[in-house]
Structures are given as C-alpha cells and as structure tokens.
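Quick look at model.cif (mmCIF, C-alpha atoms):
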data_target
loop_
_atom_site.group_PDB
_atom_site.id
_atom_site.type_symbol
_atom_site.label_atom_id
_atom_site.label_comp_id
_atom_site.auth_asym_id
_atom_site.auth_seq_id
_atom_site.Cartn_x
_atom_site.Cartn_y
_atom_site.Cartn_z
ATOM 1 C CA MET A 1 6.969 24.176 -15.852
ATOM 2 C CA LYS A 2 9.569 24.019 -13.111
ATOM 3 C CA ILE A 3 9.462 21.246 -10.520
ATOM 4 C CA TYR A 4 10.054 23.665 -7.672
ATOM 5 C CA THR A 5 7.444 26.232 -6.741
ATOM 6 C CA LYS A 6 8.907 27.567 -3.480
ATOM 7 C CA THR A 7 5.356 27.701 -2.069
ATOM 8 C CA GLY A 8 6.232 25.112 0.562
ATOM 9 C CA ASP A 9 9.350 26.836 1.824
ATOM 10 C CA GLY A 10 7.490 27.981 4.936
ATOM 11 C CA GLY A 11 6.595 24.427 5.974
ATOM 12 C CA ASP A 12 3.113 24.214 4.527
ATOM 13 C CA THR A 13 1.774 22.511 1.415
ATOM 14 C CA GLY A 14 -1.233 22.668 -0.846
ATOM 15 C CA LEU A 15 -4.168 20.280 -0.920
ATOM 16 C CA GLN A 16 -6.896 19.871 -3.472
ATOM 17 C CA GLY A 17 -9.349 22.763 -3.256
ATOM 18 C CA ASN A 18 -6.539 25.320 -2.805
ATOM 19 C CA LEU A 19 -6.239 24.615 0.921
ATOM 20 C CA ARG A 20 -2.878 24.873 2.658
ATOM 21 C CA ILE A 21 -1.811 22.884 5.722
ATOM 22 C CA SER A 22 1.371 22.140 7.636
ATOM 23 C CA LYS A 23 3.659 19.521 6.155
ATOM 24 C CA SER A 24 3.537 17.839 9.575
ATOM 25 C CA HIS A 25 -0.277 17.431 9.451
ATOM 26 C CA PRO A 26 -1.489 13.808 9.780
ATOM 27 C CA ARG A 27 -3.027 14.060 6.284
ATOM 28 C CA ILE A 28 0.388 14.745 4.758
ATOM 29 C CA MET A 29 1.970 11.989 6.844
ATOM 30 C CA ALA A 30 -0.688 9.497 5.667
ATOM 31 C CA TYR A 31 -0.464 10.127 1.958
ATOM 32 C CA GLY A 32 3.314 10.502 2.199
ATOM 33 C CA ALA A 33 3.474 6.974 3.627
ATOM 34 C CA VAL A 34 1.218 5.773 0.790
ATOM 35 C CA ASP A 35 3.714 7.312 -1.650
ATOM 36 C CA GLU A 36 6.537 5.529 0.171
ATOM 37 C CA ALA A 37 4.645 2.217 -0.065
ATOM 38 C CA ASN A 38 4.254 2.796 -3.789
ATOM 39 C CA SER A 39 7.990 3.430 -4.125
ATOM 40 C CA SER A 40 8.726 0.265 -2.137
ATOM 41 C CA ILE A 41 6.594 -1.739 -4.554
ATOM 42 C CA GLY A 42 8.504 -0.092 -7.408
ATOM 43 C CA LEU A 43 11.738 -1.267 -5.826
ATOM 44 C CA ALA A 44 10.374 -4.821 -5.615
ATOM 45 C CA LEU A 45 9.379 -4.627 -9.289
ATOM 46 C CA ALA A 46 12.948 -3.703 -10.221
ATOM 47 C CA GLY A 47 13.917 -7.274 -9.337
ATOM 48 C CA GLU A 48 12.971 -10.729 -10.510
ATOM 49 C CA ILE A 49 9.178 -10.763 -10.296
ATOM 50 C CA ASP A 50 7.198 -13.063 -12.608
ATOM 51 C CA GLY A 51 4.154 -12.324 -14.770
ATOM 52 C CA ASP A 52 1.011 -12.438 -12.640
ATOM 53 C CA ILE A 53 2.716 -11.034 -9.541
ATOM 54 C CA ARG A 54 4.230 -8.247 -11.661
ATOM 55 C CA ASP A 55 0.825 -7.457 -13.173
ATOM 56 C CA VAL A 56 -0.830 -7.260 -9.755
ATOM 57 C CA LEU A 57 1.928 -5.076 -8.297
ATOM 58 C CA LEU A 58 1.704 -2.678 -11.258
ATOM 59 C CA MET A 59 -2.073 -2.491 -10.784
ATOM 60 C CA ILE A 60 -1.501 -1.706 -7.111
ATOM 61 C CA GLN A 61 0.970 1.047 -7.934
ATOM 62 C CA ASN A 62 -1.670 2.733 -10.088
ATOM 63 C CA GLU A 63 -4.302 2.292 -7.387
ATOM 64 C CA LEU A 64 -2.008 3.732 -4.719
ATOM 65 C CA PHE A 65 -2.109 6.991 -6.670
ATOM 66 C CA VAL A 66 -5.878 6.915 -6.165
ATOM 67 C CA VAL A 67 -5.378 6.275 -2.423
ATOM 68 C CA GLY A 68 -2.991 9.236 -2.227
ATOM 69 C CA ALA A 69 -5.358 11.472 -4.179
ATOM 70 C CA ASP A 70 -8.247 10.409 -1.954
ATOM 71 C CA LEU A 71 -6.309 11.201 1.213
ATOM 72 C CA SER A 72 -5.121 14.543 -0.185
ATOM 73 C CA ASN A 73 -8.678 15.727 -0.792
ATOM 74 C CA PRO A 74 -10.433 16.762 2.441
ATOM 75 C CA ASN A 75 -13.668 17.526 0.549
ATOM 76 C CA THR A 76 -15.494 14.217 1.032
ATOM 77 C CA ASN A 77 -18.325 15.452 -1.222
ATOM 78 C CA ASP A 78 -15.933 15.475 -4.185
ATOM 79 C CA MET A 79 -16.144 11.917 -5.549
ATOM 80 C CA LYS A 80 -13.251 12.217 -8.037
ATOM 81 C CA ASN A 81 -10.356 9.811 -7.458
ATOM 82 C CA ARG A 82 -11.818 7.927 -4.506
ATOM 83 C CA VAL A 83 -10.984 4.439 -3.291
ATOM 84 C CA THR A 84 -13.942 2.156 -3.925
ATOM 85 C CA LEU A 85 -15.158 -1.037 -2.341
ATOM 86 C CA GLU A 86 -14.566 -2.698 -5.731
ATOM 87 C CA MET A 87 -10.854 -1.882 -5.411
ATOM 88 C CA VAL A 88 -10.799 -3.583 -1.996
ATOM 89 C CA GLN A 89 -12.644 -6.608 -3.370
ATOM 90 C CA ARG A 90 -10.186 -6.860 -6.269
ATOM 91 C CA LEU A 91 -7.350 -7.154 -3.742
ATOM 92 C CA GLU A 92 -9.287 -9.893 -1.952
ATOM 93 C CA SER A 93 -9.664 -11.862 -5.169
ATOM 94 C CA HIS A 94 -5.911 -11.650 -5.781
ATOM 95 C CA ILE A 95 -5.260 -12.784 -2.197
ATOM 96 C CA ASP A 96 -7.530 -15.794 -2.719
ATOM 97 C CA ALA A 97 -5.898 -16.690 -6.051
ATOM 98 C CA PHE A 98 -2.327 -16.400 -4.749
ATOM 99 C CA GLU A 99 -3.117 -18.141 -1.479
ATOM 100 C CA SER A 100 -4.564 -21.122 -3.359
ATOM 101 C CA GLU A 101 -1.002 -21.908 -4.503
ATOM 102 C CA LEU A 102 0.355 -21.947 -0.946
ATOM 103 C CA LEU A 103 0.240 -24.376 1.934
ATOM 104 C CA PRO A 104 -1.564 -23.029 5.006
ATOM 105 C CA LEU A 105 0.670 -21.371 7.590
ATOM 106 C CA GLY A 106 1.311 -23.361 10.743
ATOM 107 C CA ASN A 107 3.268 -20.617 12.493
ATOM 108 C CA PHE A 108 4.624 -17.116 12.018
ATOM 109 C CA ILE A 109 7.352 -16.676 9.414
ATOM 110 C CA LEU A 110 10.274 -14.284 9.233
ATOM 111 C CA PRO A 111 10.062 -11.685 6.483
ATOM 112 C CA GLY A 112 12.659 -12.599 3.911
ATOM 113 C CA GLY A 113 13.845 -15.499 1.835
ATOM 114 C CA SER A 114 14.446 -14.632 -1.796
ATOM 115 C CA THR A 115 15.361 -11.087 -2.760
ATOM 116 C CA ALA A 116 11.944 -10.669 -4.420
ATOM 117 C CA ALA A 117 10.105 -11.853 -1.299
ATOM 118 C CA SER A 118 12.244 -9.665 0.961
ATOM 119 C CA LEU A 119 11.459 -6.562 -1.081
ATOM 120 C CA ILE A 120 7.749 -7.414 -1.126
ATOM 121 C CA HIS A 121 7.775 -7.945 2.656
ATOM 122 C CA HIS A 122 9.464 -4.556 3.023
ATOM 123 C CA ALA A 123 6.686 -2.979 0.936
ATOM 124 C CA ARG A 124 4.200 -4.730 3.239
ATOM 125 C CA THR A 125 5.690 -3.118 6.338
ATOM 126 C CA VAL A 126 5.664 0.321 4.724
ATOM 127 C CA THR A 127 2.019 -0.290 3.776
ATOM 128 C CA ARG A 128 1.236 -1.147 7.414
ATOM 129 C CA ARG A 129 2.697 2.203 8.447
ATOM 130 C CA ALA A 130 0.611 3.962 5.792
ATOM 131 C CA GLU A 131 -2.455 2.201 7.187
ATOM 132 C CA THR A 132 -1.601 3.231 10.747
ATOM 133 C CA LEU A 133 -1.093 6.860 9.744
ATOM 134 C CA THR A 134 -4.355 6.793 7.787
ATOM 135 C CA VAL A 135 -6.180 5.502 10.859
ATOM 136 C CA LEU A 136 -4.555 8.293 12.886
ATOM 137 C CA LEU A 137 -5.804 10.829 10.323
ATOM 138 C CA SER A 138 -9.325 9.366 10.539
ATOM 139 C CA GLU A 139 -9.364 10.091 14.278
ATOM 140 C CA THR A 140 -9.263 13.852 13.619
ATOM 141 C CA ASP A 141 -10.475 14.313 10.036
ATOM 142 C CA GLU A 142 -13.246 12.774 7.998
ATOM 143 C CA ILE A 143 -11.848 10.452 5.322
ATOM 144 C CA ASN A 144 -13.116 7.791 2.961
ATOM 145 C CA SER A 145 -13.147 4.619 5.102
ATOM 146 C CA ASN A 146 -12.320 2.555 2.011
ATOM 147 C CA CYS A 147 -8.775 3.943 2.220
ATOM 148 C CA ILE A 148 -8.196 2.099 5.496
ATOM 149 C CA LYS A 149 -9.809 -1.071 4.141
ATOM 150 C CA TYR A 150 -7.685 -0.897 0.990
ATOM 151 C CA LEU A 151 -4.409 -0.472 2.880
ATOM 152 C CA ASN A 152 -5.316 -3.240 5.320
ATOM 153 C CA ARG A 153 -6.106 -5.639 2.497
ATOM 154 C CA LEU A 154 -3.026 -4.539 0.569
ATOM 155 C CA SER A 155 -0.709 -5.500 3.424
ATOM 156 C CA ASP A 156 -2.410 -8.926 3.500
ATOM 157 C CA LEU A 157 -1.930 -9.281 -0.246
ATOM 158 C CA LEU A 158 1.734 -8.304 0.002
ATOM 159 C CA PHE A 159 2.254 -10.898 2.753
ATOM 160 C CA VAL A 160 0.762 -13.638 0.576
ATOM 161 C CA THR A 161 2.672 -12.351 -2.455
ATOM 162 C CA GLY A 162 5.952 -12.479 -0.542
ATOM 163 C CA ARG A 163 5.267 -16.095 0.383
ATOM 164 C CA LEU A 164 4.353 -16.897 -3.210
ATOM 165 C CA ALA A 165 7.530 -15.247 -4.514
ATOM 166 C CA ASN A 166 9.532 -17.500 -2.188
ATOM 167 C CA LYS A 167 7.653 -20.598 -3.319
ATOM 168 C CA ARG A 168 8.131 -19.807 -6.986
ATOM 169 C CA ASN A 169 11.830 -19.148 -6.372
ATOM 170 C CA ARG A 170 12.052 -22.482 -4.520
ATOM 171 C CA VAL A 171 12.983 -20.748 -1.273
ATOM 172 C CA LYS A 172 11.346 -21.987 1.926
ATOM 173 C CA ASP A 173 9.776 -19.514 4.306
ATOM 174 C CA VAL A 174 11.749 -19.371 7.543
ATOM 175 C CA PRO A 175 9.567 -20.076 10.594
ATOM 176 C CA TRP A 176 9.791 -17.845 13.622
ATOM 177 C CA HIS A 177 11.343 -19.576 16.632
ATOM 178 C CA PRO A 178 10.462 -17.759 19.862
#
Starting from the file, give its structure as structure tokens.
Amino acid sequence: MKIYTKTGDGGDTGLQGNLRISKSHPRIMAYGAVDEANSSIGLALAGEIDGDIRDVLLMIQNELFVVGADLSNPNTNDMKNRVTLEMVQRLESHIDAFESELLPLGNFILPGGSTAASLIHHARTVTRRAETLTVLLSETDEINSNCIKYLNRLSDLLFVTGRLANKRNRVKDVPWHP
C-alpha cells in the first residue's frame, strides 16, 4: 500500500463513514492540532524523562489517537474509539499524584527550566490550541464533549508534569515578574 493516495489533491480529505470535507474545516483543524500535541509529547519523550512521567506520557500518546479518532468521526451514534469520562478521570488521578510531590504555586511561572520541562510546557501550549480548536468545532458541529474535557485536563496535567520534571532535575521554576 502506498502512503499517497492523491485523493486529497483537490483540498479535501476523507472522514470516517466515507464523508469528504475541506482540509480547512474546523474538524480537520481540531484533530490536526491533537496530532501536533501528540508529536510534541513524542519530542519531549525523546529527552531525559524518568519512569512514571514517561509511562504517563506514553499512555497519553495512545489516548490522543482516540481523541483524534473521536474528532474525525462526525457520526456521534458510532461509539467506537470515543473519549470516555474514565479517560478524563485517569488524567485527574495523575494530576493529583504528581501535584502531591510539588509545593503549591504562589505565583505564575515562566514555561521552561530544564530541557524536559521546556518540552513538556511546549506540548502543553499545543494541547491548549487543540482544545481551543475543538471548542470552535463544537460551536458548529456536534462532538463528544469528553474530548474538550480530556484536552482541558491534559493541559493541566502537562503543566504539573513540567513543574515535576524541573523539580526532579533540581531546576527551580522561574516566577513571572510583571
């Protein structure tokens, strides 16, 4: 099987259910940003990430394929490959576990610090864009609302994970000075 099909040469692409839409459609923008978030997490994983953080990020990469599949399927009656509330709750449990190792924030921090934390913070910002584009899609098309919840929680988890990566690398978070 060849990787190129030439079916998108006219500026449209296929969705599940043999539907075709413009490559500029908000649905394509949303799941394209989810794919970009997944790639950003992959970039973070290429660096020095320790065991439990690595395991969580790999789990997230697999789940982001589910988010992308969910967003690419406009048939909301088809329950295959859908984001579930359990997936959202799993992110929350990881947030709670990672946050328990950190001191509470007293002020905003700059994204950065160690290379690992910087790459995780970058993935967080890409995830925020994916969330925004998913919300935009939901304003015109019916989608699974768990997709928005998942992406929102994921950006929170990536924020906490970036802080934890700094702590474990003995790098202090840099406070924002307005």
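Taking atom CA of A:Asn166 and atom CA of A:Asn38 as the two end points, the separation is 21.0 Å.
Nearest residue to A:Ala123, choosing from A:Asn169, A:Ser39, A:Asn18, A:Ser72 and counting all atoms listed in the file: A:Ser39.
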Which is closest to A:Ser145 among A:Val88, A:Ala117, A:Leu158, A:Leu103, if we use all atoms listed in the file? A:Val88
Residue members of the PyMOL selection byres ((chain A and resi 137) around 10) in the file shown, as a list in words: His25, Pro26, Arg27, Ile28, Met29, Ala30, Tyr31, Leu71, Glu131, Thr132, Leu133, Thr134, Val135, Leu136, Ser138, Glu139, Thr140, Asp141, Glu142 and Ile143 of chain A
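The space between atom CA of A:Ile53 and atom CA of A:Glu101 spans 12.5 Å.
For the atom pair formed by atom CA of A:Asn62 and atom CA of A:Thr127, the distance is 14.7 Å, given to one decimal.
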Apply the PyMOL selection byres ((chain A and resi 94) around 12) to the displayed file and report the matching residues as a ChimeraX atom specification. /A:52-53,55-57,59-60,87-93,95-101,153-154,156-161,164
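Nearest to A:Gly162 of all the residues A:Ala116, A:Val126, A:Ile148, A:Ile49 is A:Ala116, counting only C-alpha atoms.
Proximity of A:Arg20, A:Arg54, A:Arg82, A:Lys2 to A:Cys147, computed with only C-alpha atoms, is greatest for A:Arg82.
Evaluated against the shown file, the PyMOL selection byres ((chain A and resi 108) around 6) gives Asn107, Ile109, Pro175 and Trp176 of chain A.
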Taking all atoms of stretch 20-39 of chain A that appear in the file, build a box with edges along x, y and z, extend it by 6 Å on every side, and state its centre and edge lengths in Å to one decimal, as JSON.
{"center_x": 2.5, "center_y": 13.5, "center_z": 2.8, "size_x": 23.0, "size_y": 34.7, "size_z": 25.9}
Pick from A:Ile21, A:Val67, A:Leu119, A:Leu151: nearest to A:Gly42, with all atoms listed in the file counted? A:Leu119
Show me, as a JSON list (two decimals) with C-alpha atoms, in the coordinates of the input, the residues that have an atom within 9 Å of A:Asn81 when counting all atoms listed in the file, minus same-chain residues fewer than 6 positions from it.
[["chain", "number", "residue", "atom", "x", "y", "z"],
["A", 65, "PHE", "CA", -2.11, 6.99, -6.67],
["A", 66, "VAL", "CA", -5.88, 6.92, -6.16],
["A", 67, "VAL", "CA", -5.38, 6.28, -2.42],
["A", 69, "ALA", "CA", -5.36, 11.47, -4.18],
["A", 70, "ASP", "CA", -8.25, 10.41, -1.95]]
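Residue nearest A:Leu110 within the list A:Leu19, A:Val174, A:Ala46, A:Ile3: A:Val174 [criterion: smallest interatomic distance, all atoms listed in the file].
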A:Val34 surroundings by only C-alpha atoms, 7 Å radius, close-in-sequence under 6 positions cut, as number ranges by chain: A: 64, 68, 127, 130
